[in-house]
Amino acid sequence: MSNPRPGRSRGGSRRGSQRGSRRGSQRGSRQGRGRQSLGRWILRLVLLAGLAALAAGAVFAVAVARTDVPSPNEVATSEATIVYWSDGTELGRLGEATRRSVLLADVPEVVQRAVLAAEDRDFYEHGGISPVSVVRAVLNNLTGGSLQGGSTITQQYAKNAFLTQERSWTRKLRETLLAVKLETLVSKDQILNDYLNTIYFGRGAYGIEAAAIAYFGVPAAELSPAQGAVLASLIKSPNGLAPEEQPEQLRQRWGYVLDAMVERGWLTQQQRDQADFPKIIKQRATDRLGGQTGFLLNAVTTELIALGFDETEIQRGGLHITSTFDRRAQRAAVRAVQDAGPQSATKGLRVGLAAVRPGTGEVIAMYGGKDFIDDQINNATRPFAQAGSTFKPFALAAATEAGIPLKSVWNGDSPATIKGYTLTNYGDRSFGTITLLKATENSVNTAYVEVEDAVGVQAVADAALRAGVPADTPGLNLDQLDLTFVLGTASPSGLSMANAYATFAAQGQRVTPTVIKDVRGPNDGLLYSAEPQPSTAFDPDVANTVTYALVRTVRSGTAFAAASIDRPAAAKTGTTDDNKSAWFVGYTPQLAAAVLMAKEDADGLPVSLSGTGGLGTVTGGSFPAAIWSAFMSAALADQPIEDFPDPPKSALEKLDCPTVIPAGSASLDGTSSDVTPDVGGVAGEIPPGCPSPSAAEFDPSAIPTDVLPSGTDLVPSEGAPTVPGDVTPTDGMPEPTSPPNPGPTNPGPTNPGPPTDGPPVIPGLS
């Protein structure tokens, strides 16, 4: 009786075990077949990938075999790039350069290594292309790291040898094929030798021998390690790192190259620590760049680079570039400076002129300096001279947007203290209560600072930026704005100011300035065509209101010299404290132009213009106005006379200002109560630009029970800080007894007599 259960248990156990064994065997068999199937698929994929790789390799090998290798001499015969005037006649060439060849053995090894450190540290380890360099370049770009590109030296040489205007993967493939082909046929040393003899270093120098002479006045064999590092640094971007334009960026790149040499063991840390940035000789311009030609060609080159053209492509890619420069207008600019500018005491004087077409942004003329050969700094595009009162139209635009009309009234007394700033008008002249229109005509500093305070400095700064003043303009200080902003403490370029005023001339439409119309390749294929893309900076009514006020400034204000062009013109003068700069900026419906003058000492520091051309004070209304008028008269000689649009009626309406202070709105001591004046029947503040009411409604409760203490002084405290003149700019209307004399050899500005309305205006004063 006791055996059956155990027996059944043992039998069941055996049968269960057998069934489990069979199921496990079946599962194992299925898993095994699955693994075998997966293995076969993987094997097939590997075989397919291998076959594809072999096929690709075969195709690549055939392509490499069929690739021809050019010689450096063929590269050296590339076509020059030609720049044309707007009428199609030749202005100048960009590809006429110095080319000198030298043996690799004549280049110091430390200089060779500097080039490798900058451009291709693994040059002697790769086979023409370097995946590691490509990955490193991508990572550096993503993380904002060092400036090392992904192309090897072999690829760079291949690119130069096969230079075309095509921007595609096809050209990149050809570059790669040539790089690999070169590595199979030519030694590494020969590739480096050819590279060093054909690469562009800037200053028109191709090859390290020409570069050594251009930058240091010595042959390549005599280059020091520090000098070699400078040349190696320039390869990346000869124009973008030019010592004349970007000295600090060049120093940073130079330090990067030296650090890379230490990292590779090509320079000791002690040598690195003892290295000083070498002195670079002044650029020697060739005769073909004399006068204004060099300035114009440099402006074209800079814009081409900004458009994405390669520097080597620009220099010898056979491009045909039509510029916006008008030959007639350019001659007019040169003659205007020569004939109407100062003739005496001109040492250190810098004069700049830029002219822009409203609505298109085309720069038709530019005066960068007396002669590009003597000085390559472009006074028309360099931001260095404080703008003075030429910034006041931006405050006028902001006020108009805020609903403040030209007949609003302001305090024109001098001196005046506003929000802690004490300032004066030019010549410390007081105008009393004055309308915004009259304050514009006479460039009244105190009234304009009051206007700026009413609308807010930020609103004025925003108007300047919208008009076209770049945010990175020196002295703009957008993060630390104060009431001196409207007085022109910033230092924009002449081109920036001409373009900003062109925005008003175009009824509020802003366009980015350009010096290029189109670019064509060697085969006349169109590579680029400029298309103006206007954006609305101001409502037309706002822009036309500003224009109306500036037209009045020409007719009866400080810019009256512009009336001599015998056509409607709008303009503004600017003169800075200590007479360190003087401006005249204005426009007609067809053209806007800016003229600026400043002086620098031997160290490049600003000095007073006083005495220049025989004038005790050089204001914006003197030589700058005379130059502007002479230029505009000639540049517009064949253009029809056009009128400006009328301003909206609201701009000339009087404000609805209260004539009495309602009861309880102010106490006897002038402090405000909780009750605000009624304006138009609605309780609110007195509108900006309204005079203070002279009477108050009778309210016994407003009379204090105590009499003011004896001797109480209601005059504002004189303890506020004082800002001399109008901080930097000092524009206004002093009253000397006779106009300044620009000298017998200079016609200077003409005096059409006192204006028809407003206070007397003296010629030569801004």
# chains A, B, ... in the order shown; residues from 1 in each chain; ligands from 1
>>> residues_around(residues="Ile641 in chain A", least_positions_apart="4", cutoff="10 Å", atoms="only C-alpha atoms", output="PyMOL selection string")
chain A and resi 566-568+588-590+636-637
>>> write_last_selection(atoms="all heavy atoms", output="PDB file, in the first residue's frame")
ATOM      1  N   ASP A 566      22.062 124.063 -54.929  1.00  0.00           N
ATOM      2  CA  ASP A 566      20.910 124.501 -55.730  1.00  0.00           C
ATOM      3  C   ASP A 566      19.910 123.381 -56.012  1.00  0.00           C
ATOM      4  O   ASP A 566      19.392 123.259 -57.128  1.00  0.00           O
ATOM      5  CB  ASP A 566      21.391 125.120 -57.053  1.00  0.00           C
ATOM      6  CG  ASP A 566      22.167 126.410 -56.833  1.00  0.00           C
ATOM      7  OD1 ASP A 566      21.862 127.117 -55.859  1.00  0.00           O
ATOM      8  OD2 ASP A 566      23.100 126.684 -57.607  1.00  0.00           O
ATOM      9  N   ARG A 567      19.655 122.578 -55.019  1.00  0.00           N
ATOM     10  CA  ARG A 567      18.609 121.559 -55.098  1.00  0.00           C
ATOM     11  C   ARG A 567      18.227 121.190 -53.674  1.00  0.00           C
ATOM     12  O   ARG A 567      19.010 121.417 -52.746  1.00  0.00           O
ATOM     13  CB  ARG A 567      19.064 120.330 -55.883  1.00  0.00           C
ATOM     14  CG  ARG A 567      20.242 119.593 -55.282  1.00  0.00           C
ATOM     15  CD  ARG A 567      20.524 118.290 -56.048  1.00  0.00           C
ATOM     16  NE  ARG A 567      20.964 118.541 -57.408  1.00  0.00           N
ATOM     17  CZ  ARG A 567      20.582 117.825 -58.466  1.00  0.00           C
ATOM     18  NH1 ARG A 567      19.716 116.822 -58.283  1.00  0.00           N
ATOM     19  NH2 ARG A 567      21.029 118.084 -59.674  1.00  0.00           N
ATOM     20  N   PRO A 568      17.036 120.675 -53.443  1.00  0.00           N
ATOM     21  CA  PRO A 568      16.645 120.322 -52.076  1.00  0.00           C
ATOM     22  C   PRO A 568      17.646 119.375 -51.432  1.00  0.00           C
ATOM     23  O   PRO A 568      18.043 118.365 -52.021  1.00  0.00           O
ATOM     24  CB  PRO A 568      15.285 119.646 -52.271  1.00  0.00           C
ATOM     25  CG  PRO A 568      14.746 120.227 -53.533  1.00  0.00           C
ATOM     26  CD  PRO A 568      15.950 120.427 -54.412  1.00  0.00           C
ATOM     27  N   THR A 588      20.277 114.143 -50.630  1.00  0.00           N
ATOM     28  CA  THR A 588      19.189 114.529 -51.514  1.00  0.00           C
ATOM     29  C   THR A 588      18.360 113.257 -51.714  1.00  0.00           C
ATOM     30  O   THR A 588      18.750 112.192 -51.223  1.00  0.00           O
ATOM     31  CB  THR A 588      19.716 115.030 -52.871  1.00  0.00           C
ATOM     32  OG1 THR A 588      20.329 113.933 -53.561  1.00  0.00           O
ATOM     33  CG2 THR A 588      20.738 116.156 -52.680  1.00  0.00           C
ATOM     34  N   PRO A 589      17.257 113.316 -52.435  1.00  0.00           N
ATOM     35  CA  PRO A 589      16.511 112.070 -52.659  1.00  0.00           C
ATOM     36  C   PRO A 589      17.326 110.991 -53.382  1.00  0.00           C
ATOM     37  O   PRO A 589      17.061 109.802 -53.216  1.00  0.00           O
ATOM     38  CB  PRO A 589      15.322 112.520 -53.507  1.00  0.00           C
ATOM     39  CG  PRO A 589      15.100 113.940 -53.103  1.00  0.00           C
ATOM     40  CD  PRO A 589      16.478 114.496 -52.889  1.00  0.00           C
ATOM     41  N   GLN A 590      18.354 111.408 -54.158  1.00  0.00           N
ATOM     42  CA  GLN A 590      19.119 110.426 -54.949  1.00  0.00           C
ATOM     43  C   GLN A 590      20.424 109.985 -54.317  1.00  0.00           C
ATOM     44  O   GLN A 590      20.975 108.944 -54.704  1.00  0.00           O
ATOM     45  CB  GLN A 590      19.449 111.011 -56.335  1.00  0.00           C
ATOM     46  CG  GLN A 590      18.250 111.427 -57.152  1.00  0.00           C
ATOM     47  CD  GLN A 590      18.114 112.931 -57.197  1.00  0.00           C
ATOM     48  OE1 GLN A 590      18.206 113.607 -56.173  1.00  0.00           O
ATOM     49  NE2 GLN A 590      17.904 113.464 -58.388  1.00  0.00           N
ATOM     50  N   LEU A 636      25.967 115.052 -58.759  1.00  0.00           N
ATOM     51  CA  LEU A 636      24.563 115.089 -59.174  1.00  0.00           C
ATOM     52  C   LEU A 636      24.331 116.001 -60.373  1.00  0.00           C
ATOM     53  O   LEU A 636      23.176 116.301 -60.704  1.00  0.00           O
ATOM     54  CB  LEU A 636      23.691 115.557 -58.003  1.00  0.00           C
ATOM     55  CG  LEU A 636      23.659 114.648 -56.780  1.00  0.00           C
ATOM     56  CD1 LEU A 636      22.943 115.342 -55.621  1.00  0.00           C
ATOM     57  CD2 LEU A 636      22.975 113.326 -57.103  1.00  0.00           C
ATOM     58  N   ALA A 637      25.399 116.418 -61.024  1.00  0.00           N
ATOM     59  CA  ALA A 637      25.273 117.410 -62.096  1.00  0.00           C
ATOM     60  C   ALA A 637      24.342 116.953 -63.211  1.00  0.00           C
ATOM     61  O   ALA A 637      23.640 117.772 -63.821  1.00  0.00           O
ATOM     62  CB  ALA A 637      26.656 117.728 -62.660  1.00  0.00           C
TER      63      ALA A 637
END
>>> residues_around(residues="Asp518 in chain A", least_positions_apart="6", cutoff="6 Å", atoms="only C-alpha atoms", output="list of chain:residue names")
A:Ile321, A:Thr322, A:Tyr528, A:Ser529, A:Ala530
>>> write_last_selection(atoms="all heavy atoms", output="compact mmCIF listing (two decimals), in the first residue's frame")
# COMPACT_ATOMS: atom_id res chain seq x y z
N ILE A 321 34.67 91.35 -61.80
CA ILE A 321 33.83 91.95 -60.78
C ILE A 321 33.41 93.35 -61.21
O ILE A 321 34.26 94.21 -61.46
CB ILE A 321 34.57 92.03 -59.43
CG1 ILE A 321 35.04 90.64 -59.01
CG2 ILE A 321 33.70 92.66 -58.37
CD1 ILE A 321 36.09 90.64 -57.94
N THR A 322 32.11 93.56 -61.28
CA THR A 322 31.61 94.91 -61.55
C THR A 322 31.28 95.57 -60.22
O THR A 322 30.45 95.06 -59.46
CB THR A 322 30.35 94.86 -62.43
OG1 THR A 322 30.65 94.19 -63.65
CG2 THR A 322 29.88 96.28 -62.75
N TYR A 528 27.59 85.70 -58.73
CA TYR A 528 26.90 86.48 -57.69
C TYR A 528 26.33 87.74 -58.32
O TYR A 528 26.96 88.37 -59.18
CB TYR A 528 27.87 86.86 -56.57
CG TYR A 528 27.31 87.90 -55.61
CD1 TYR A 528 26.40 87.54 -54.62
CD2 TYR A 528 27.67 89.24 -55.72
CE1 TYR A 528 25.86 88.48 -53.76
CE2 TYR A 528 27.14 90.19 -54.87
CZ TYR A 528 26.24 89.81 -53.89
OH TYR A 528 25.72 90.75 -53.04
N SER A 529 25.14 88.10 -57.88
CA SER A 529 24.52 89.34 -58.31
C SER A 529 23.86 89.99 -57.11
O SER A 529 23.08 89.35 -56.40
CB SER A 529 23.47 89.08 -59.40
OG SER A 529 22.86 90.29 -59.80
N ALA A 530 24.21 91.24 -56.86
CA ALA A 530 23.67 91.94 -55.69
C ALA A 530 22.20 92.28 -55.92
O ALA A 530 21.83 92.81 -56.98
CB ALA A 530 24.46 93.22 -55.43
>>> residues_around(residues="Asp539 in chain A", least_positions_apart="4", cutoff="8 Å", atoms="only C-alpha atoms", output="list in words")
Gln507, Gly508 and Ala543 of chain A
>>> residues_around(residues="Lys572 in chain A", least_positions_apart="5", cutoff="10 Å", atoms="only C-alpha atoms", output="ChimeraX atom specification")
/A:389-393,440-443,501,549-551,553-554,557-560,562,583-587,594,620-621,625,766
>>> write_last_selection(atoms="N, CA and C atoms", output="PDB file, in the first residue's frame")
ATOM      1  N   SER A 389      27.147 116.107 -33.209  1.00  0.00           N
ATOM      2  CA  SER A 389      25.709 116.336 -33.316  1.00  0.00           C
ATOM      3  C   SER A 389      25.058 115.697 -34.532  1.00  0.00           C
ATOM      4  N   THR A 390      25.828 114.965 -35.354  1.00  0.00           N
ATOM      5  CA  THR A 390      25.195 114.226 -36.445  1.00  0.00           C
ATOM      6  C   THR A 390      24.338 113.083 -35.905  1.00  0.00           C
ATOM      7  N   PHE A 391      24.403 112.809 -34.585  1.00  0.00           N
ATOM      8  CA  PHE A 391      23.548 111.795 -33.956  1.00  0.00           C
ATOM      9  C   PHE A 391      22.175 112.355 -33.571  1.00  0.00           C
ATOM     10  N   LYS A 392      22.008 113.677 -33.607  1.00  0.00           N
ATOM     11  CA  LYS A 392      20.744 114.256 -33.158  1.00  0.00           C
ATOM     12  C   LYS A 392      19.527 113.814 -33.985  1.00  0.00           C
ATOM     13  N   PRO A 393      19.663 113.578 -35.291  1.00  0.00           N
ATOM     14  CA  PRO A 393      18.494 113.094 -36.035  1.00  0.00           C
ATOM     15  C   PRO A 393      17.934 111.768 -35.523  1.00  0.00           C
ATOM     16  N   THR A 440      16.671 121.824 -33.743  1.00  0.00           N
ATOM     17  CA  THR A 440      17.360 121.053 -34.786  1.00  0.00           C
ATOM     18  C   THR A 440      18.123 121.984 -35.712  1.00  0.00           C
ATOM     19  N   GLU A 441      17.481 123.046 -36.142  1.00  0.00           N
ATOM     20  CA  GLU A 441      18.131 124.005 -37.036  1.00  0.00           C
ATOM     21  C   GLU A 441      19.419 124.553 -36.433  1.00  0.00           C
ATOM     22  N   ASN A 442      19.390 124.855 -35.139  1.00  0.00           N
ATOM     23  CA  ASN A 442      20.528 125.501 -34.488  1.00  0.00           C
ATOM     24  C   ASN A 442      21.374 124.545 -33.650  1.00  0.00           C
ATOM     25  N   SER A 443      21.069 123.262 -33.726  1.00  0.00           N
ATOM     26  CA  SER A 443      21.847 122.229 -33.034  1.00  0.00           C
ATOM     27  C   SER A 443      22.013 122.558 -31.551  1.00  0.00           C
ATOM     28  N   TYR A 501      21.951 107.943 -42.857  1.00  0.00           N
ATOM     29  CA  TYR A 501      21.168 109.066 -43.383  1.00  0.00           C
ATOM     30  C   TYR A 501      20.449 108.670 -44.671  1.00  0.00           C
ATOM     31  N   ALA A 549      12.890 118.496 -41.048  1.00  0.00           N
ATOM     32  CA  ALA A 549      13.670 119.281 -40.086  1.00  0.00           C
ATOM     33  C   ALA A 549      15.093 119.514 -40.592  1.00  0.00           C
ATOM     34  N   LEU A 550      15.677 118.517 -41.256  1.00  0.00           N
ATOM     35  CA  LEU A 550      17.050 118.673 -41.759  1.00  0.00           C
ATOM     36  C   LEU A 550      17.101 119.563 -42.996  1.00  0.00           C
ATOM     37  N   VAL A 551      16.012 119.607 -43.758  1.00  0.00           N
ATOM     38  CA  VAL A 551      15.925 120.564 -44.865  1.00  0.00           C
ATOM     39  C   VAL A 551      15.899 121.981 -44.308  1.00  0.00           C
ATOM     40  N   THR A 553      17.254 122.848 -41.594  1.00  0.00           N
ATOM     41  CA  THR A 553      18.603 123.109 -41.071  1.00  0.00           C
ATOM     42  C   THR A 553      19.515 123.625 -42.176  1.00  0.00           C
ATOM     43  N   VAL A 554      19.263 123.182 -43.409  1.00  0.00           N
ATOM     44  CA  VAL A 554      20.018 123.692 -44.558  1.00  0.00           C
ATOM     45  C   VAL A 554      19.537 125.095 -44.934  1.00  0.00           C
ATOM     46  N   GLY A 557      19.650 127.134 -40.906  1.00  0.00           N
ATOM     47  CA  GLY A 557      20.327 126.663 -39.712  1.00  0.00           C
ATOM     48  C   GLY A 557      21.812 126.435 -39.921  1.00  0.00           C
ATOM     49  N   THR A 558      22.369 125.570 -39.127  1.00  0.00           N
ATOM     50  CA  THR A 558      23.822 125.389 -39.116  1.00  0.00           C
ATOM     51  C   THR A 558      24.362 124.717 -40.371  1.00  0.00           C
ATOM     52  N   ALA A 559      23.489 124.061 -41.167  1.00  0.00           N
ATOM     53  CA  ALA A 559      23.949 123.367 -42.377  1.00  0.00           C
ATOM     54  C   ALA A 559      23.691 124.178 -43.633  1.00  0.00           C
ATOM     55  N   PHE A 560      23.603 125.500 -43.507  1.00  0.00           N
ATOM     56  CA  PHE A 560      23.204 126.340 -44.635  1.00  0.00           C
ATOM     57  C   PHE A 560      24.174 126.259 -45.812  1.00  0.00           C
ATOM     58  N   ALA A 562      25.084 123.788 -47.428  1.00  0.00           N
ATOM     59  CA  ALA A 562      24.595 122.831 -48.414  1.00  0.00           C
ATOM     60  C   ALA A 562      23.613 123.455 -49.391  1.00  0.00           C
ATOM     61  N   TRP A 583      32.181 116.937 -38.684  1.00  0.00           N
ATOM     62  CA  TRP A 583      31.413 116.149 -39.634  1.00  0.00           C
ATOM     63  C   TRP A 583      30.409 117.015 -40.388  1.00  0.00           C
ATOM     64  N   PHE A 584      30.066 116.536 -41.588  1.00  0.00           N
ATOM     65  CA  PHE A 584      28.916 117.064 -42.317  1.00  0.00           C
ATOM     66  C   PHE A 584      28.290 115.881 -43.044  1.00  0.00           C
ATOM     67  N   VAL A 585      27.039 115.575 -42.685  1.00  0.00           N
ATOM     68  CA  VAL A 585      26.339 114.443 -43.276  1.00  0.00           C
ATOM     69  C   VAL A 585      25.019 114.942 -43.828  1.00  0.00           C
ATOM     70  N   GLY A 586      24.711 114.580 -45.064  1.00  0.00           N
ATOM     71  CA  GLY A 586      23.474 115.052 -45.659  1.00  0.00           C
ATOM     72  C   GLY A 586      23.065 114.232 -46.858  1.00  0.00           C
ATOM     73  N   TYR A 587      21.917 114.612 -47.451  1.00  0.00           N
ATOM     74  CA  TYR A 587      21.411 113.829 -48.566  1.00  0.00           C
ATOM     75  C   TYR A 587      20.423 114.612 -49.400  1.00  0.00           C
ATOM     76  N   ALA A 594      28.654 111.456 -46.486  1.00  0.00           N
ATOM     77  CA  ALA A 594      29.218 111.902 -45.211  1.00  0.00           C
ATOM     78  C   ALA A 594      30.656 112.329 -45.430  1.00  0.00           C
ATOM     79  N   GLY A 620      31.870 121.459 -38.236  1.00  0.00           N
ATOM     80  CA  GLY A 620      31.273 120.697 -39.317  1.00  0.00           C
ATOM     81  C   GLY A 620      30.764 121.573 -40.442  1.00  0.00           C
ATOM     82  N   GLY A 621      30.439 122.834 -40.113  1.00  0.00           N
ATOM     83  CA  GLY A 621      29.941 123.763 -41.124  1.00  0.00           C
ATOM     84  C   GLY A 621      31.021 124.458 -41.913  1.00  0.00           C
ATOM     85  N   ALA A 625      31.608 120.897 -44.669  1.00  0.00           N
ATOM     86  CA  ALA A 625      30.435 121.336 -45.429  1.00  0.00           C
ATOM     87  C   ALA A 625      30.828 121.764 -46.837  1.00  0.00           C
ATOM     88  N   SER A 766      28.966 124.792 -36.509  1.00  0.00           N
ATOM     89  CA  SER A 766      28.031 123.678 -36.678  1.00  0.00           C
ATOM     90  C   SER A 766      26.774 123.882 -35.874  1.00  0.00           C
TER      91      SER A 766
END
>>> select_by_dssp(residues="range 519-582 of chain A", states="alpha helix (DSSP H)", output="ChimeraX atom specification")
/A:540-556
>>> write_last_selection(atoms="N, CA and C atoms", output="mmCIF file, in the first residue's frame")
data_model
loop_
_atom_site.group_PDB
_atom_site.id
_atom_site.type_symbol
_atom_site.label_atom_id
_atom_site.label_comp_id
_atom_site.auth_asym_id
_atom_site.auth_seq_id
_atom_site.Cartn_x
_atom_site.Cartn_y
_atom_site.Cartn_z
ATOM 1 N N PRO A 540 7.346 105.759 -42.998
ATOM 2 C CA PRO A 540 7.645 106.887 -43.890
ATOM 3 C C PRO A 540 7.350 108.250 -43.279
ATOM 4 N N ASP A 541 6.270 108.365 -42.494
ATOM 5 C CA ASP A 541 5.950 109.654 -41.872
ATOM 6 C C ASP A 541 7.050 110.094 -40.908
ATOM 7 N N VAL A 542 7.644 109.133 -40.203
ATOM 8 C CA VAL A 542 8.728 109.458 -39.271
ATOM 9 C C VAL A 542 9.957 109.931 -40.044
ATOM 10 N N ALA A 543 10.348 109.174 -41.074
ATOM 11 C CA ALA A 543 11.525 109.543 -41.863
ATOM 12 C C ALA A 543 11.327 110.887 -42.549
ATOM 13 N N ASN A 544 10.137 111.121 -43.082
ATOM 14 C CA ASN A 544 9.880 112.383 -43.774
ATOM 15 C C ASN A 544 9.859 113.570 -42.811
ATOM 16 N N THR A 545 9.484 113.328 -41.566
ATOM 17 C CA THR A 545 9.537 114.392 -40.558
ATOM 18 C C THR A 545 10.982 114.760 -40.250
ATOM 19 N N VAL A 546 11.832 113.753 -40.108
ATOM 20 C CA VAL A 546 13.252 114.011 -39.884
ATOM 21 C C VAL A 546 13.824 114.788 -41.069
ATOM 22 N N THR A 547 13.474 114.354 -42.279
ATOM 23 C CA THR A 547 13.973 115.031 -43.478
ATOM 24 C C THR A 547 13.534 116.493 -43.511
ATOM 25 N N TYR A 548 12.271 116.748 -43.174
ATOM 26 C CA TYR A 548 11.770 118.128 -43.175
ATOM 27 C C TYR A 548 12.599 119.003 -42.244
ATOM 28 N N ALA A 549 12.890 118.496 -41.048
ATOM 29 C CA ALA A 549 13.670 119.281 -40.086
ATOM 30 C C ALA A 549 15.093 119.514 -40.592
ATOM 31 N N LEU A 550 15.677 118.517 -41.256
ATOM 32 C CA LEU A 550 17.050 118.673 -41.759
ATOM 33 C C LEU A 550 17.101 119.563 -42.996
ATOM 34 N N VAL A 551 16.012 119.607 -43.758
ATOM 35 C CA VAL A 551 15.925 120.564 -44.865
ATOM 36 C C VAL A 551 15.899 121.981 -44.308
ATOM 37 N N ARG A 552 15.146 122.192 -43.244
ATOM 38 C CA ARG A 552 15.117 123.503 -42.589
ATOM 39 C C ARG A 552 16.488 123.866 -42.021
ATOM 40 N N THR A 553 17.254 122.848 -41.594
ATOM 41 C CA THR A 553 18.603 123.109 -41.071
ATOM 42 C C THR A 553 19.515 123.625 -42.176
ATOM 43 N N VAL A 554 19.263 123.182 -43.409
ATOM 44 C CA VAL A 554 20.018 123.692 -44.558
ATOM 45 C C VAL A 554 19.537 125.095 -44.934
ATOM 46 N N ARG A 555 18.235 125.310 -44.921
ATOM 47 C CA ARG A 555 17.694 126.604 -45.344
ATOM 48 C C ARG A 555 17.979 127.726 -44.354
ATOM 49 N N SER A 556 17.923 127.419 -43.062
ATOM 50 C CA SER A 556 18.042 128.511 -42.090
ATOM 51 C C SER A 556 18.746 128.086 -40.816
#
>>> select_by_dssp(residues="range 459-656 of chain A", states="strand (DSSP E or B)", output="PyMOL selection string")
chain A and resi 509-510+514+516-520+526-529+535-536+570-576+581-587+592-600+606-607
>>> closest_residue(among="A:Leu91, A:Val469, A:Ile377, A:Ala651", to="Arg327 in chain A", atoms="only C-alpha atoms")
A:Leu91
